[in-house]
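Visitor: Quick one: the structure is below, questions incoming.
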Amino acid sequence: MFFYVGSDGENPYEEALTPWKPDDRPEWNEISVDWELLRTWGERFQGAHGAHSWFLLWLPLRKRRHLLSGDESRAIIRRFPGDPTSGNDPTGELAFLDDAKLAYEIGAILPLLRHLRRVEHKDIEREDKERNRFVVRLDGTPRLLSDFSEFPENVDRQIRVDGQILLEDGCPPLSFSGVRIDSCDVDFAAMKEHEAWPRTRYRDAFQREQEEKDNASPQGAVLFSSGPLAAACSRLQWAVFLPVEGDSEDFDHDHGAGHGKRIHSLTLHGQFFLDAGRRKIQGSEHLHEELEALGDSGIDEPSLCRRWNQRLAQDVVLPLVLPALKHYVSQHKLSDEECGALAETLMGSRWFKSFRQYVCQNAVWMRTLQSGESPGWRLIVGDCRSRLRPVPKPPDAAPQRPWKVFPRLVDCNVVPYDMEAPGLRRQSPQYRWHESEIVILLSRIHGLFTDAPAMTYLADFLDSCAADCLSAEAVQDKLLLVLRDGLRAGAPEARRKVAAKARRLVGFVAPERRLTLSSDLPESVLQDLWGIDVPVLLVPRGLEAYELGRALPDELALAEWLRALDRTLGSHDAEEAQEPILLVAQGLLSALPADDRWRFLQREGNRRLRVVGVTDARDGTRKPVSVADIQRVREAGTLFRFVEGLRGRQMGIAPELAATLPDADVWLVNKEVHDLLRERRSQSDDRLPSANDVRACLAAVALVSRGRLGDVGDRRRLLVKANDPGTDQDARRGLRLLLHGTLDCRTIDQARLRVSRHDQHSAWPKLWTGLHEGDGWRLIPEDLADAIPEGQWHAAGVHPIRPRALIDKLRETEGQGIAVPEEFSIEQRNEILSRIEDEDLWRRLPLHTTPDSVLVSADRQRVYLAPSRDTGPLCGEAILIERSGHPVVAQQQDRWLRPLDRTSAARNAASCCDVVT
């Protein structure tokens with residue numbers, strides 16, 4: 001029951017009301033009340049506050065004695081908080097009266113009440129003793145739900161109020177701000193005219209119960225309030241003037257609701273229909289669902305009430321949350337951190353996740369950034385929402401970084417917002433950068449390759465904000481161009497300092513649009529390359545992204561790059577940079593498909609470009625050459641590939657070949673260049689010979705047609721390592737040329753080459769030369785013969801000199817084969833004579849020596865072996881032969897020459913012949 005006592009200043013009023021009709025529970029009408037006591041308390045409060053009129057409501061606590069029959073089973077609710085017990089309140093129903101937060105909870109709803117201004121909580125122990133628990137009052141502030149007549153400045157049917165709820169006894173005040181609107185939507189009027197619209201009972205002036213249509217109005221209000229962290233309660237609650245318990249949600253202080261020294265609460269008011277228990281909004285579990293069409297029939301009162309509640313929540317109350325939040329933040333000067341904490345709390349609530357689309361249907365609440373100002377929280381409404389664009393959060397110390405990094409941001413006509421801040425908006429991502437806007441931003445960038453913080457901010461932007469547009473051709477073109485311009489403008493030392501940042505930025509260029517330079521280049525060379533306008537970014541070594549570039553440049557672009565490198569290699573100061581430039585050229589050429597490289601280099605405009613690196617086998621130096629040069633050397637057979645093995649790259653026998661061919665170019669190429677030069681990788685016959693390929697080296701010698709051959713020592717060193725031609729006829733020809741050393745005779749393949757054995761007397765090679773006048777080239781120097789195994793002689797057409805064959809040759813020439821006998825030493829002459837068994841041939845050879853050291857033949861009639869003593873002068877044609885010191889020749893002389901004794905001498909003198917002196 002409810003007991004009312006009041007006075008209008010002149011007349012007293014008192015009444016006891018029950019929820020029952022008089023005929024339902026007639027016994028409730030017989031309850032007696034001490035009205036005098038109630039009036040005494042009312043007048044006591046009136047005197048304390050000087051009120052002209054007053055009103056008192058007494059709510060008696062239920063007790064068991066109130067049960068008329070004493071039967072607890074007849075009690076509607078079996079709780080009796082009014083009965084004294086040792087536990088003081090064992091059911092806990094009155095515990096809220098001792099809650100320290102009660103004053104703030106009551107204060108938070110005062111702005112929603114049209115007339116109540118002051119609430120006192122007292123303990124009355126006796127008539128003469130009372131104790132104030134708290135006093136809450138709201139003075140001088142218009143009420144959020146007051147009549148519109150109290151707000152003459154209102155023009156859009158929105159009412160905004162703000163103020164403070166004061167608590168006495170030194171307690172901190174409670175701040176609040178609220179927004180209210182009364183909708184004029186015709187749908188609400190249509191629902192109120194529907195036949196199923198709820199009806200309400202009331203008592204007329206004659207205390208007769210009457211019935212009329214419910215006077216619910218499409219009114220909505222949102223109230224934000226804040227109180228001290230230690231005393232207030234952070235909560236979201238729905239209300240119909242007073243909060244309803246069933247749909248509230250306590251905020252989690254750990255997620256920002258308690259940031260700073262105060263916490264924030266949110267109350268959502270609407271003239272909703274409540275359920276039968278008056279604790280929840282009717283159909284609250286359906287408030288977030290889409291509305292169904294209102295038909296002409298088939299709808300009952302509960303369905304109509306749920307529809308009313310849905311429309312009221314979705315289209316009136318919830319869209320007020322963000323305007324109310326803006327008003328609250330503005331009026332109470334919430335800091336940037338407090339705004340972020342409050343937004344994070346709301347965003348993380350179950351309520352927001354359910355009603356996000358309605359809260360943000362007309363506006364969003366974002367932390368935006370503005371040129372020339374600090375970041376701040378703004379309400380973005382209407383079409384302006386389409387201009388929202390995310391940007392990384394700038395450092396607190398540099399809030400203008402977006403405009404510094406992107407000078408053309410002002411030209412994009414967008415509203416940048418902090419993408420890391422917890423904004424209240426529809427499901428994200430929702431606001432994206434357009435391709436054209438990204439192109440504008442990238443057309444001018446500050447601090448590329450010089451300013452590390454700016455580069456980090458740019459990379460964060462591309463990674464988190466522009467990812468959807470990065471693959472677009474226009475964006476890639478602009479990004480490539482701005483990075484290339486940045487590389488050209490930045491100093492090498494500055495680039496090295498920001499290398500890590502640069503690698504990240506380079507990674508945003510598609511791998512198909514960039515190539516990494518394979519070596520460090522002088523800055524002047526880099527500048528030349530970057531100055532060529534091609535749609536591929538050349539990335540300096542050390543700045544490449546994790547995923548390597550794999551661009552396939554068109555041949556015009558590649559030719560431009562290689563011409564720039566060729567110009568540098570042709571300058572007088574390019575020696576130190578030669579190797580890096582060659583490595584870079586090799587890397588650029590490798591970007592072409594393998595089958596296209598040689599064809600590209602063979603083109604007329606490219607054949608003379610010296611961009612291929614070879615190693616000169618003569619001195620081991622690297623040198624740049626052109627494809628035309630390579631073709632020439634390759635045709636000469638002196639182009640080889642390095643020997644690759646466990647000990648690394650080896651030059652093989654190429655140095656010995658180079659020494660042997662002093663006028664020829666003998667070059668070596670590495671595997672990369674070798675692959676580059678192969679016309680068709682699938683054909684094994686297109687491979688260059690290895691520098692250890694003996695037959696290829698010998699064949700190279702065979703191809704020499706002009707110039708010089710190395711001396712015997714050079715040729716011998718090569719022969720020691722290359723002496724097996726196998727069945728290769730060119731290699732055999734080269735081997736023979738190394739042996740005989742006569743270029744003019746290099747094609748004479750069948751002539752036998754002769755060599756003297758080690759134990760053979762020197763007389764025989766000399767004799768062989770005399771007997772083969774014009775064929776002396778066929779006689780191999782003994783040192784060269786020693787360089788090859790004797791087992792290889794036959795394959796090369798090499799044969800030893802045989803004395804017997806030479807003697808036979810002498811016999812054929814009847815001893816005329818020795819044209820200049822003086823070229824033979826006495827030992828050589830004796831060696832030849834000693835080996836001849838034919839007396840006639842022995843006599844005919846002009847190798848006999850007279851006592852006067854004259855060489856003569858012994859085939860005349862008057863030839864005598866000179867005596868051991870002088871026999872006087874001789875006359876006639878008599879010839880004396882000096883006795884040889886060679887034992888075999890001496891025996892031959894004794895056998896085949898007549899001695900000059902006294903008889904022979906006298907006979908000769910008598911004949912008056914010529915005297916031999």
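In the structure tokens, chains take the letters A, B, ... in the order shown, each chain's residues start at 1, and ligands count up from 1 in the order shown.
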Please provide the set of residues having any atom within 10 Å of Gln370 of chain A, restricted to only C-alpha atoms, with same-chain residues fewer than 3 positions apart removed, written as a ChimeraX atom specification.
Guide: /A:373-376,399-400,402-403,410,415-417
Visitor: Give me, as a CSV table (one decimal) with N, CA and C atoms, in the first residue's frame, all polymer residues having an atom no more than 10 Å from segment 845-850 of chain A, counting only C-alpha atoms and skipping those fewer than 3 positions away in the same chain.
Guide:
chain,number,residue,atom,x,y,z
A,810,LEU,N,121.8,-40.7,-96.6
A,810,LEU,CA,123.1,-40.2,-97.1
A,810,LEU,C,123.5,-41.1,-98.3
A,811,ARG,N,123.2,-42.3,-98.2
A,811,ARG,CA,123.6,-43.2,-99.3
A,811,ARG,C,122.8,-42.9,-100.5
A,814,GLU,N,124.2,-40.1,-102.2
A,814,GLU,CA,125.6,-40.4,-102.5
A,814,GLU,C,126.5,-39.4,-101.8
A,815,GLY,N,126.1,-39.2,-100.5
A,815,GLY,CA,127.0,-38.4,-99.6
A,815,GLY,C,126.8,-36.9,-99.8
A,816,GLN,N,125.9,-36.5,-100.6
A,816,GLN,CA,125.7,-35.0,-100.9
A,816,GLN,C,124.8,-34.3,-99.9
A,817,GLY,N,124.4,-35.0,-99.0
A,817,GLY,CA,123.4,-34.4,-98.1
A,817,GLY,C,124.0,-33.5,-97.0
A,818,ILE,N,125.4,-33.5,-96.9
A,818,ILE,CA,126.0,-32.6,-96.0
A,818,ILE,C,126.6,-31.5,-96.7
A,819,ALA,N,125.8,-30.4,-96.8
A,819,ALA,CA,126.3,-29.3,-97.6
A,819,ALA,C,127.3,-28.4,-96.9
A,820,VAL,N,127.3,-28.3,-95.6
A,820,VAL,CA,128.3,-27.5,-94.9
A,820,VAL,C,128.9,-28.3,-93.8
A,821,PRO,N,129.9,-29.1,-94.1
A,821,PRO,CA,130.4,-30.0,-93.1
A,821,PRO,C,131.0,-29.3,-92.0
A,822,GLU,N,131.5,-28.0,-92.2
A,822,GLU,CA,132.1,-27.3,-91.1
A,822,GLU,C,131.1,-27.0,-89.9
A,824,PHE,N,129.5,-29.2,-88.4
A,824,PHE,CA,129.6,-30.3,-87.6
A,824,PHE,C,130.9,-30.2,-86.8
A,825,SER,N,130.8,-30.5,-85.5
A,825,SER,CA,132.0,-30.5,-84.7
A,825,SER,C,132.8,-31.8,-84.9
A,826,ILE,N,134.0,-31.9,-84.4
A,826,ILE,CA,134.8,-33.1,-84.6
A,826,ILE,C,134.2,-34.3,-84.0
A,828,GLN,N,130.9,-34.7,-83.6
A,828,GLN,CA,129.7,-35.0,-84.4
A,828,GLN,C,130.2,-35.8,-85.7
A,829,ARG,N,131.3,-35.3,-86.3
A,829,ARG,CA,131.8,-35.9,-87.5
A,829,ARG,C,132.2,-37.4,-87.2
A,830,ASN,N,132.9,-37.5,-86.1
A,830,ASN,CA,133.4,-38.9,-85.7
A,830,ASN,C,132.2,-39.8,-85.4
A,832,ILE,N,129.2,-39.6,-86.8
A,832,ILE,CA,128.5,-40.1,-88.0
A,832,ILE,C,129.4,-41.1,-88.7
A,833,LEU,N,130.7,-40.8,-88.8
A,833,LEU,CA,131.6,-41.7,-89.5
A,833,LEU,C,131.7,-43.1,-88.9
A,840,ASP,N,132.3,-47.1,-99.2
A,840,ASP,CA,132.2,-46.1,-100.3
A,840,ASP,C,131.5,-44.8,-99.7
A,841,LEU,N,130.4,-45.1,-98.9
A,841,LEU,CA,129.7,-43.9,-98.3
A,841,LEU,C,130.6,-43.2,-97.3
A,842,TRP,N,131.3,-44.0,-96.6
A,842,TRP,CA,132.2,-43.5,-95.6
A,842,TRP,C,133.2,-42.6,-96.2
A,853,SER,N,143.3,-29.3,-90.7
A,853,SER,CA,141.9,-29.0,-90.3
A,853,SER,C,141.0,-28.7,-91.4
A,854,VAL,N,141.3,-29.1,-92.6
A,854,VAL,CA,140.4,-29.0,-93.7
A,854,VAL,C,139.5,-30.2,-93.9
A,855,LEU,N,138.2,-30.0,-94.1
A,855,LEU,CA,137.3,-31.2,-94.2
A,855,LEU,C,137.3,-31.6,-95.7
A,856,VAL,N,137.5,-32.8,-95.9
A,856,VAL,CA,137.5,-33.4,-97.2
A,856,VAL,C,136.8,-34.7,-97.2
A,857,SER,N,136.5,-35.2,-98.4
A,857,SER,CA,136.0,-36.5,-98.6
A,857,SER,C,137.2,-37.4,-98.9
A,858,ALA,N,137.0,-38.7,-98.7
A,858,ALA,CA,138.2,-39.6,-98.8
A,858,ALA,C,137.9,-40.6,-100.0
A,859,ASP,N,137.2,-40.1,-101.0
A,859,ASP,CA,136.9,-41.0,-102.1
A,859,ASP,C,137.8,-40.8,-103.3
A,864,TYR,N,145.6,-40.7,-98.3
A,864,TYR,CA,146.4,-41.5,-97.4
A,864,TYR,C,146.1,-41.1,-95.9
A,865,LEU,N,146.3,-42.0,-95.1
A,865,LEU,CA,146.2,-41.8,-93.7
A,865,LEU,C,147.5,-41.1,-93.3
A,866,ALA,N,147.5,-40.0,-92.7
A,866,ALA,CA,148.7,-39.2,-92.4
A,866,ALA,C,149.5,-40.0,-91.4
A,879,ILE,N,146.1,-36.7,-100.7
A,879,ILE,CA,145.4,-36.0,-99.6
A,879,ILE,C,145.7,-36.8,-98.3
A,880,LEU,N,146.1,-36.1,-97.3
A,880,LEU,CA,146.4,-36.8,-96.1
A,880,LEU,C,145.2,-36.6,-95.1
A,881,ILE,N,144.8,-37.7,-94.5
A,881,ILE,CA,143.7,-37.6,-93.5
A,881,ILE,C,144.3,-37.8,-92.1
A,882,GLU,N,144.0,-36.9,-91.3
A,882,GLU,CA,144.5,-36.9,-89.9
A,882,GLU,C,143.9,-38.1,-89.2
A,883,ARG,N,144.7,-38.8,-88.4
A,883,ARG,CA,144.3,-39.9,-87.7
A,883,ARG,C,143.3,-39.4,-86.6
A,884,SER,N,142.2,-40.2,-86.6
A,884,SER,CA,141.1,-39.8,-85.7
A,884,SER,C,141.4,-40.3,-84.3
A,889,VAL,N,136.5,-44.8,-85.6
A,889,VAL,CA,136.9,-44.1,-86.8
A,889,VAL,C,138.3,-44.5,-87.1
A,893,GLN,N,139.7,-46.0,-90.5
A,893,GLN,CA,140.8,-45.4,-91.3
A,893,GLN,C,141.9,-46.4,-91.6
A,916,VAL,N,149.9,-31.6,-101.5
A,916,VAL,CA,148.9,-31.1,-100.6
A,916,VAL,C,149.6,-30.6,-99.3
A,917,THR,N,149.3,-29.4,-99.0
A,917,THR,CA,149.9,-28.8,-97.8
A,917,THR,C,148.9,-28.6,-96.7
Visitor: Select, from A:Leu388, A:Ala564, A:Val161, A:Leu37, the residue with the minimum atom-to-atom distance to Thr368 of chain A, counting only C-alpha atoms.
Guide: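 Ranked by minimum distance to Thr368 of chain A, first place goes to A:Leu388.
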Visitor: If I take atom CA of Ala397 of chain A and atom CA of Met455 of chain A, how far is one from the other in Å, to one decimal?
Guide: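 It comes out at 16.6 Å.
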Visitor: What's the 8 Å shell around segment 511-518 of chain A, counting only C-alpha atoms, without same-chain residues fewer than 5 positions away, as a list in words?
Guide: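 In the requested form, the answer reads Pro535, Val536, Leu537, Leu538, Val539, Pro540, Arg541, Glu544, Glu547, Leu548, Gly549, Arg550, Ala551, Leu552, Pro580, Leu583, Val584, Gly587 and Leu588 of chain A.
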Visitor: Do a neighbour search on Val701 of chain A at 12 Å with only C-alpha atoms, toss out local chain neighbours closer than 3 positions, and write the hits as JSON, numbers by chain.
Guide: {"A": [636, 637, 638, 654, 656, 657, 658, 659, 660, 661, 662, 663, 664, 665, 666, 694, 695, 696, 697, 698, 704, 705, 706, 707, 708, 709, 710, 715, 718, 719, 722, 725, 730, 731, 732, 733, 734, 735, 736, 737, 738, 739, 741, 742, 743, 746, 747]}
Visitor: Check the DSSP output for the backbone and give back, as a PyMOL selection string, the residues of segment 644-877 of chain A in helix (DSSP H, G or I).
Guide: chain A and resi 654-660+671-677+684-686+694-702+712-721+729-740+743-745+763-771+776-778+782-787+790-792+803-812+821-823+826-834+839-844
Visitor: Got a sec: who's within 9 Å of Trp530 of chain A, counting only C-alpha atoms, leaving out chain neighbours fewer than 5 positions off, as a VMD selection string?
Guide: chain A and resid 484 to 485 487 to 488 525 537 to 538
Visitor: Do you know which residues are at most 12 Å from Val888 of chain A counting only C-alpha atoms, after dropping those on the same chain fewer than 6 positions away, and could you put them as JSON, numbers by chain?
Guide: {"A": [830, 831, 832, 833, 834, 835, 836, 837, 894, 895]}
Visitor: Let's have the selection written as a PDB file, in the first residue's frame, with all heavy atoms.
Guide:
ATOM      1  N   ASN A 830     132.935 -37.504 -86.069  1.00  0.00           N
ATOM      2  CA  ASN A 830     133.360 -38.860 -85.705  1.00  0.00           C
ATOM      3  C   ASN A 830     132.174 -39.767 -85.427  1.00  0.00           C
ATOM      4  O   ASN A 830     132.175 -40.958 -85.756  1.00  0.00           O
ATOM      5  CB  ASN A 830     134.278 -38.816 -84.490  1.00  0.00           C
ATOM      6  CG  ASN A 830     135.668 -38.301 -84.833  1.00  0.00           C
ATOM      7  OD1 ASN A 830     136.136 -38.447 -86.004  1.00  0.00           O
ATOM      8  ND2 ASN A 830     136.350 -37.708 -83.866  1.00  0.00           N
ATOM      9  N   GLU A 831     131.088 -39.183 -84.773  1.00  0.00           N
ATOM     10  CA  GLU A 831     129.899 -39.977 -84.477  1.00  0.00           C
ATOM     11  C   GLU A 831     129.269 -40.484 -85.765  1.00  0.00           C
ATOM     12  O   GLU A 831     128.915 -41.652 -85.866  1.00  0.00           O
ATOM     13  CB  GLU A 831     128.885 -39.145 -83.679  1.00  0.00           C
ATOM     14  CG  GLU A 831     127.509 -39.764 -83.531  1.00  0.00           C
ATOM     15  CD  GLU A 831     127.500 -41.043 -82.700  1.00  0.00           C
ATOM     16  OE1 GLU A 831     128.492 -41.316 -81.986  1.00  0.00           O
ATOM     17  OE2 GLU A 831     126.502 -41.787 -82.750  1.00  0.00           O
ATOM     18  N   ILE A 832     129.165 -39.635 -86.759  1.00  0.00           N
ATOM     19  CA  ILE A 832     128.539 -40.050 -88.019  1.00  0.00           C
ATOM     20  C   ILE A 832     129.421 -41.085 -88.729  1.00  0.00           C
ATOM     21  O   ILE A 832     128.949 -42.129 -89.186  1.00  0.00           O
ATOM     22  CB  ILE A 832     128.306 -38.833 -88.911  1.00  0.00           C
ATOM     23  CG1 ILE A 832     127.286 -37.888 -88.247  1.00  0.00           C
ATOM     24  CG2 ILE A 832     127.820 -39.257 -90.297  1.00  0.00           C
ATOM     25  CD1 ILE A 832     127.128 -36.569 -88.961  1.00  0.00           C
ATOM     26  N   LEU A 833     130.698 -40.813 -88.845  1.00  0.00           N
ATOM     27  CA  LEU A 833     131.601 -41.731 -89.549  1.00  0.00           C
ATOM     28  C   LEU A 833     131.671 -43.078 -88.865  1.00  0.00           C
ATOM     29  O   LEU A 833     131.750 -44.123 -89.523  1.00  0.00           O
ATOM     30  CB  LEU A 833     132.994 -41.104 -89.632  1.00  0.00           C
ATOM     31  CG  LEU A 833     133.118 -39.877 -90.546  1.00  0.00           C
ATOM     32  CD1 LEU A 833     134.507 -39.262 -90.422  1.00  0.00           C
ATOM     33  CD2 LEU A 833     132.830 -40.260 -91.998  1.00  0.00           C
ATOM     34  N   SER A 834     131.615 -43.053 -87.537  1.00  0.00           N
ATOM     35  CA  SER A 834     131.760 -44.314 -86.803  1.00  0.00           C
ATOM     36  C   SER A 834     130.574 -45.248 -87.038  1.00  0.00           C
ATOM     37  O   SER A 834     130.675 -46.449 -86.813  1.00  0.00           O
ATOM     38  CB  SER A 834     131.935 -44.042 -85.319  1.00  0.00           C
ATOM     39  OG  SER A 834     130.740 -43.521 -84.765  1.00  0.00           O
ATOM     40  N   ARG A 835     129.394 -44.659 -87.422  1.00  0.00           N
ATOM     41  CA  ARG A 835     128.184 -45.480 -87.566  1.00  0.00           C
ATOM     42  C   ARG A 835     128.000 -45.992 -88.993  1.00  0.00           C
ATOM     43  O   ARG A 835     127.056 -46.718 -89.268  1.00  0.00           O
ATOM     44  CB  ARG A 835     126.964 -44.635 -87.156  1.00  0.00           C
ATOM     45  CG  ARG A 835     127.017 -44.114 -85.709  1.00  0.00           C
ATOM     46  CD  ARG A 835     126.869 -45.283 -84.714  1.00  0.00           C
ATOM     47  NE  ARG A 835     125.548 -45.854 -84.769  1.00  0.00           N
ATOM     48  CZ  ARG A 835     124.520 -45.420 -84.077  1.00  0.00           C
ATOM     49  NH1 ARG A 835     124.680 -44.395 -83.270  1.00  0.00           N
ATOM     50  NH2 ARG A 835     123.360 -46.012 -84.196  1.00  0.00           N
ATOM     51  N   ILE A 836     128.922 -45.632 -89.887  1.00  0.00           N
ATOM     52  CA  ILE A 836     128.788 -46.036 -91.291  1.00  0.00           C
ATOM     53  C   ILE A 836     129.625 -47.285 -91.555  1.00  0.00           C
ATOM     54  O   ILE A 836     130.807 -47.331 -91.242  1.00  0.00           O
ATOM     55  CB  ILE A 836     129.216 -44.894 -92.225  1.00  0.00           C
ATOM     56  CG1 ILE A 836     128.285 -43.691 -92.015  1.00  0.00           C
ATOM     57  CG2 ILE A 836     129.182 -45.348 -93.675  1.00  0.00           C
ATOM     58  CD1 ILE A 836     128.687 -42.488 -92.816  1.00  0.00           C
ATOM     59  N   GLU A 837     128.973 -48.258 -92.112  1.00  0.00           N
ATOM     60  CA  GLU A 837     129.638 -49.523 -92.416  1.00  0.00           C
ATOM     61  C   GLU A 837     129.980 -49.657 -93.902  1.00  0.00           C
ATOM     62  O   GLU A 837     130.712 -50.546 -94.304  1.00  0.00           O
ATOM     63  CB  GLU A 837     128.726 -50.683 -91.992  1.00  0.00           C
ATOM     64  CG  GLU A 837     128.424 -50.684 -90.494  1.00  0.00           C
ATOM     65  CD  GLU A 837     127.447 -51.767 -90.110  1.00  0.00           C
ATOM     66  OE1 GLU A 837     126.928 -52.437 -91.043  1.00  0.00           O
ATOM     67  OE2 GLU A 837     127.179 -51.936 -88.902  1.00  0.00           O
ATOM     68  N   ASP A 894     142.221 -47.228 -90.615  1.00  0.00           N
ATOM     69  CA  ASP A 894     143.250 -48.259 -90.846  1.00  0.00           C
ATOM     70  C   ASP A 894     142.782 -49.262 -91.890  1.00  0.00           C
ATOM     71  O   ASP A 894     143.585 -49.794 -92.664  1.00  0.00           O
ATOM     72  CB  ASP A 894     143.576 -48.983 -89.545  1.00  0.00           C
ATOM     73  CG  ASP A 894     144.332 -48.098 -88.562  1.00  0.00           C
ATOM     74  OD1 ASP A 894     144.939 -47.093 -89.014  1.00  0.00           O
ATOM     75  OD2 ASP A 894     144.259 -48.352 -87.334  1.00  0.00           O
ATOM     76  N   ARG A 895     141.492 -49.488 -91.849  1.00  0.00           N
ATOM     77  CA  ARG A 895     140.973 -50.509 -92.758  1.00  0.00           C
ATOM     78  C   ARG A 895     140.770 -49.976 -94.172  1.00  0.00           C
ATOM     79  O   ARG A 895     140.982 -50.678 -95.163  1.00  0.00           O
ATOM     80  CB  ARG A 895     139.663 -51.060 -92.185  1.00  0.00           C
ATOM     81  CG  ARG A 895     139.161 -52.281 -92.922  1.00  0.00           C
ATOM     82  CD  ARG A 895     138.033 -52.989 -92.166  1.00  0.00           C
ATOM     83  NE  ARG A 895     136.848 -52.146 -91.940  1.00  0.00           N
ATOM     84  CZ  ARG A 895     136.488 -51.690 -90.756  1.00  0.00           C
ATOM     85  NH1 ARG A 895     137.243 -51.973 -89.665  1.00  0.00           N
ATOM     86  NH2 ARG A 895     135.412 -50.949 -90.629  1.00  0.00           N
TER      87      ARG A 895
END
Visitor: What's around Gly227 of chain A at 7 Å? Count only C-alpha atoms, leave out sequence neighbours fewer than 3 positions away in its own chain, and write the answer as a PDB file with N, CA, C and O atoms, in the first residue's frame.
Guide:
ATOM      1  N   PRO A 173      30.904  17.144  -6.388  1.00  0.00           N
ATOM      2  CA  PRO A 173      29.640  17.188  -7.129  1.00  0.00           C
ATOM      3  C   PRO A 173      29.611  16.157  -8.256  1.00  0.00           C
ATOM      4  O   PRO A 173      30.628  15.581  -8.639  1.00  0.00           O
ATOM      5  N   LEU A 174      28.418  15.979  -8.764  1.00  0.00           N
ATOM      6  CA  LEU A 174      28.203  15.106  -9.906  1.00  0.00           C
ATOM      7  C   LEU A 174      27.893  15.985 -11.104  1.00  0.00           C
ATOM      8  O   LEU A 174      26.967  16.790 -11.066  1.00  0.00           O
ATOM      9  N   SER A 175      28.682  15.866 -12.184  1.00  0.00           N
ATOM     10  CA  SER A 175      28.473  16.678 -13.382  1.00  0.00           C
ATOM     11  C   SER A 175      27.614  15.909 -14.380  1.00  0.00           C
ATOM     12  O   SER A 175      27.670  14.675 -14.452  1.00  0.00           O
ATOM     13  N   ALA A 232      31.378   7.133  -7.204  1.00  0.00           N
ATOM     14  CA  ALA A 232      30.328   6.978  -8.194  1.00  0.00           C
ATOM     15  C   ALA A 232      30.356   5.585  -8.818  1.00  0.00           C
ATOM     16  O   ALA A 232      31.310   4.830  -8.654  1.00  0.00           O
ATOM     17  N   ARG A 262      37.748  10.584 -12.358  1.00  0.00           N
ATOM     18  CA  ARG A 262      36.302  10.463 -12.393  1.00  0.00           C
ATOM     19  C   ARG A 262      35.902   9.370 -13.371  1.00  0.00           C
ATOM     20  O   ARG A 262      36.644   9.020 -14.272  1.00  0.00           O
ATOM     21  N   ILE A 263      34.708   8.858 -13.135  1.00  0.00           N
ATOM     22  CA  ILE A 263      34.160   7.849 -14.025  1.00  0.00           C
ATOM     23  C   ILE A 263      32.875   8.387 -14.626  1.00  0.00           C
ATOM     24  O   ILE A 263      32.288   9.354 -14.141  1.00  0.00           O
ATOM     25  N   HIS A 264      32.457   7.738 -15.705  1.00  0.00           N
ATOM     26  CA  HIS A 264      31.358   8.268 -16.495  1.00  0.00           C
ATOM     27  C   HIS A 264      30.240   7.238 -16.600  1.00  0.00           C
ATOM     28  O   HIS A 264      30.489   6.029 -16.672  1.00  0.00           O
TER      29      HIS A 264
END
Visitor: Please return, as number ranges by chain, all residues of segment 282-524 of chain A that DSSP assigns to strand (DSSP E or B) on the basis of the backbone.
Guide: A: 363-368, 376-381, 388-391, 415-418, 424, 514-516
Visitor: Ranking A:Ala700, A:Ala796, A:Ala341, A:Ala787 by minimum distance to Leu753 of chain A and counting only C-alpha atoms, which one comes first?
Guide: A:Ala796
Visitor: Counting only C-alpha atoms, which residue out of A:Lys326, A:Arg444, A:Arg64, A:Arg752 sits closest to Ile77 of chain A?
Guide: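 For Ile77 of chain A, the nearest of the candidates is A:Arg64.
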Visitor: Mind pulling up the distance from atom CA of Ala190 of chain A to atom CA of Ala293 of chain A?
Guide: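 Computed distance, atom CA of Ala293 of chain A to atom CA of Ala190 of chain A, equals 12.5 Å.
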